[in-house]
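J.: I'd like to ask some things about the structure below.
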Amino acid sequence: MLELSSTPARITFGVFAALLAAFLFSPVYWLIISALKGNAELYRVIPTLWPHEPVLAHVRTAFERGNLFLNLKNSLVVSGGAAVLNTALAAYAGYSVAKFNYAGRRPLMVLLLSAQVLPFGLLLITIYPVMARFGLLDTHLGLILASIVFALPVSTYMLYSYFSQAPTEIIEAARADGAGEWRIFHTIILPLSIPALVTVFLYAFMWSWNDLLYSMTLIVSEDKRTIGPGLLLNYLNETNADWGGAMAASIVASLPILIAFAFLQRWFIQGVTAGAVK
Amino acid sequence: MNAVSAGGITVTGAPAARLSPLARRAGLKTGERRVGWLFMTPALIAFAAVILAPFLSALGLAFTRYDLQTPNPVFIGLANFAQIAASPEIRESFVVTFVFVSLATVFTIVLALAWALILNQPFRGRAALRTATIIPWVLPSTVSAFIWAWIFNSRYGLLNAAMLEMGLIDQPVAWLSTSAGAMTAIVIAKVWISIPVTMTFFLAGLQSLDREQIDAARVDGAGDFAVLKDHVLPHLRPVLLVVVVLAVIGNLQQFDKIYALTGGGPVRATTVLSIEVYRRAFDSWDIGMASAVGLLWVATIIPPAYLYLRHLLKTV
């Protein structure tokens with residue numbers, strides 16, 4: 001867009017670009033190479049800039065130590081469950097606001113959206129005793145239900161925006177053919193909305209996967225623990241900091257979400273910004 | 001005549017189509033309302049259960065004594081708030097929150113805008129760079145906290161090594177053990193995490209920039225800086241509002257990264273409101289007090305939230 005007019009401008013620009021790129025990407029680079037260094041190379045005041053003798057020892061110990069597999073499995077159950085639930089709720093609600101004309105739909109949307117600004121930590125104070133009363137404390141189901149807090153408002157808004165653009169003629173035609181609303185939604189609208197649904201699913205999945213606050217508070221048992229608190233509690237206790245292991249386990253914990261994003265990034269970016277930038 | 005919501009039966013549909021447009025309209029409306037609410041109900045139940053009810057009960061508990069010694073909440077009026085006003089500790093949390101939110105928001109906006117302008121220039125590998133930019137944002141909270149804790153590590157950290165090499169310090173500094181160092185670390189970590197998504201908003205805004213206008217300005221002899229100042233930045237103004245508001249809300253709510261990186265310490269140097277509330281509730285089990293602080297916390301979020309909602313509502 002902006003062809004720079006002079007060489008000094010181009011150079012200044014290039015320097016800024018390089019500095020920012022370094023800020024954004026060097027931590028990731030540092031994470032990866034720290035995981036690949038042996039302890040002798042890792043614990044040095046002036047570190048090597050790349051692993052001179054790369055080893056996979058930390059990756060191996062990351063899996064042997066502290067239930068990494070179990071944590072990953074638990075996270076998969078919780079995040080998968082939370083994402084499915086969230087996407088389903090948001091799809092019905094978003095479709096309702098987008099395609100049905102009834103008094104009260106606007107206030108409902110405002111109410112849902114306003115929840116996005118309530119701090120999760122405040123809600124947790126009273127979610128906790130309620131979960132305890134219903135026996136859902138320290139269960140994956142409880143954590144899944146509580147995770148609705150993270151993504152439901154934005155998800156509903158994202159799907160509302162998407163459904164609003166779906167041609168009403170198709171729906172009218174299906175109605176004229178006698179198809180019920182339930183069937184219209186499930187057999188016509190949903191299949192047309194896979195990109196949006198995937199985006200919302202991923203959004204909710206990410207929130208749940210990356211969460212620390214809810215998962216460390218609502219889950220107590222070690223065998224039910226998810227990846228966020230699992231990493232925190234397994235590594236870096238004051239006495240015994242295993243940085244190589246922490247870095248290797250971090251990579252393993254990040255891979256599922258990174259892979260998902262690598263494939264779905266384009267859809268995702270469109271979905272997240274569609275509503276806000278008009 | 002409710003062909004619409006009766007659903008699924010082909011026979012009822014045919015006569016409905018033959019009805020006068022007016023009658024069909026009326027039938028649709030009642031059906032529409034009912035089906036609309038039906039589709040809305042599951043989300044509303046979930047919303048009421050995990051968002052609205054917890055919020056309202058926290059609102060009520062803010063006016064009660066409810067702690068380990070008081071198993072059932074007892075109404076005490078504004079006593080919690082009086083205690084907050086008299087507590088230098090809690091007042092400090094507000095200051096810490098203010099410092100953290102201001103610094104994190106300003107640096108996020110400036111750097112994300114710069115990065116968006118850079119990624120808006122045509123160059124080889126731009127698409128790959130845009131894709132890679134999202135990485136800090138999608139990493140689990142614990143992971144990003146680990147990365148920065150390791151960089152800021154007092155003995156083997158990259159930061160100390162770089163500063164020693166450049167001669168900026170004579171000996172390693174225990175960054176996370178000093179107030180300023182810990183605050184710097186959480187601000188840098190949060191800025192790093194927030195740049196990707198903020199940049200995305202700016203980049204989306206830049207897509208609709210009017211090329212011809214800029215070309216015309218160029219012909220009139222406008223320099224790079226003039227184009228930026230007179231055309232690009234004004235064009236981004238609406239996006240800027242959204243982004244600032246979202247950044248403020250996000251920073252006010254931040255808990256995970258700060259907790260994992262500094263735990264609110266050293267002492268209380270990085271105890272922002274989110275951590276204050278968490279500690280009151282889940283370390284000292286003083287639910288009344290935690291709710292009261294939480295309520296004030298919500299109050300700080302309301303002004304940016306109002307702006308954000310007003311913006312979103314223009315589109316509903």
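Here, A, B, ... name the chains of the structure tokens in the order displayed, residue numbers run from 1 inside each chain, and ligands are numbered from 1 in the same displayed order.
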Quick one: which residues from chain A are at most 6 Å off chain B, using only C-alpha atoms, as a compact mmCIF listing (two decimals) with N, CA and C atoms, in the first residue's frame?
T.:
# COMPACT_ATOMS: atom_id res chain seq x y z
N TYR A 43 22.38 -24.91 30.99
CA TYR A 43 22.62 -24.09 32.17
C TYR A 43 23.96 -23.38 32.08
N ARG A 44 24.00 -22.38 31.22
CA ARG A 44 25.20 -21.57 31.08
C ARG A 44 24.81 -20.11 31.11
N VAL A 45 25.64 -19.28 31.74
CA VAL A 45 25.29 -17.87 31.88
C VAL A 45 25.20 -17.19 30.51
N ILE A 46 26.22 -17.46 29.67
CA ILE A 46 26.13 -16.98 28.29
C ILE A 46 25.78 -18.18 27.43
N LEU A 89 -24.54 -24.59 21.31
CA LEU A 89 -25.32 -23.53 21.94
C LEU A 89 -25.28 -22.25 21.12
N TYR A 92 -27.38 -22.50 17.69
CA TYR A 92 -28.82 -22.29 17.84
C TYR A 92 -29.14 -20.83 18.17
N ALA A 93 -28.40 -20.28 19.12
CA ALA A 93 -28.69 -18.92 19.56
C ALA A 93 -28.41 -17.92 18.43
N SER A 96 -31.05 -18.12 15.84
CA SER A 96 -32.28 -17.53 16.35
C SER A 96 -32.28 -16.02 16.15
N PHE A 100 -34.78 -15.17 12.91
CA PHE A 100 -36.15 -15.09 13.41
C PHE A 100 -36.40 -13.69 13.92
N TYR A 102 -38.33 -11.60 16.30
CA TYR A 102 -39.22 -11.55 17.46
C TYR A 102 -38.73 -10.47 18.42
N PRO A 119 -15.41 -10.51 34.53
CA PRO A 119 -14.15 -11.23 34.75
C PRO A 119 -14.41 -12.69 35.13
N LEU A 122 -14.19 -13.54 38.87
CA LEU A 122 -15.31 -13.20 39.73
C LEU A 122 -16.39 -14.27 39.64
N LEU A 123 -16.68 -14.74 38.41
CA LEU A 123 -17.71 -15.76 38.24
C LEU A 123 -17.31 -17.05 38.95
N THR A 126 -18.42 -17.96 42.64
CA THR A 126 -19.69 -18.60 42.96
C THR A 126 -19.98 -19.83 42.09
N ILE A 127 -19.23 -19.99 40.99
CA ILE A 127 -19.36 -21.25 40.23
C ILE A 127 -18.85 -22.41 41.10
N ALA A 176 -41.66 -23.25 2.16
CA ALA A 176 -42.75 -23.45 1.20
C ALA A 176 -42.90 -24.92 0.84
N ASP A 177 -41.78 -25.64 0.85
CA ASP A 177 -41.82 -27.07 0.58
C ASP A 177 -42.28 -27.86 1.80
N GLY A 178 -42.51 -27.17 2.88
CA GLY A 178 -43.04 -27.83 4.05
C GLY A 178 -42.01 -28.34 5.03
N ALA A 179 -40.75 -28.01 4.83
CA ALA A 179 -39.73 -28.47 5.77
C ALA A 179 -39.88 -27.71 7.08
N GLY A 180 -39.76 -28.42 8.19
CA GLY A 180 -39.85 -27.77 9.49
C GLY A 180 -38.60 -26.98 9.80
N ASN A 210 -6.13 -23.60 26.63
CA ASN A 210 -5.12 -22.68 27.15
C ASN A 210 -5.42 -22.16 28.55
N LEU A 212 -5.95 -21.65 32.46
CA LEU A 212 -5.27 -22.08 33.68
C LEU A 212 -6.18 -21.93 34.88
N GLY A 228 -2.71 -27.31 31.28
CA GLY A 228 -2.23 -26.03 31.82
C GLY A 228 -1.69 -26.16 33.24
N SER A 250 6.30 -28.08 27.12
CA SER A 250 5.55 -26.95 26.56
C SER A 250 5.30 -27.13 25.07
N SER A 254 1.71 -27.50 23.20
CA SER A 254 1.27 -26.48 22.24
C SER A 254 0.97 -27.07 20.86
J.: Among range 43-148 of chain B, which residues carry a DSSP assignment of strand (DSSP E), reported as a list in words?
T.: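 The residues of range 43-148 of chain B classed as strand (DSSP E) are Thr64, Arg65, Val74 and Phe75 of chain B.
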J.: At a cut-off of 8 Å, using only C-alpha atoms, what residues contact Gly77 in chain B? Leave out same-chain residues fewer than 2 positions from it and give the result as a list in words.
T.: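 Counting only C-alpha atoms, the residues come to Phe63, Thr64, Phe75, Ala79 and Asn80 of chain B.
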J.: Go ahead and compute the interatomic distance for CA of Thr270 in chain B and CA of Ser177 in chain B, in Å to one decimal.
T.: 10.9 Å
J.: Find the residue from A:Ser221, A:Ser34, A:Asn74, A:Ser147 that sits nearest to Trp207 in chain A; use only C-alpha atoms when measuring.
T.: A:Ser147
J.: Of the residues A:Val200, A:Leu218, A:Ile227, A:Leu68, which is the one nearest to Leu264 in chain A, using only C-alpha atoms?
T.: A:Val200
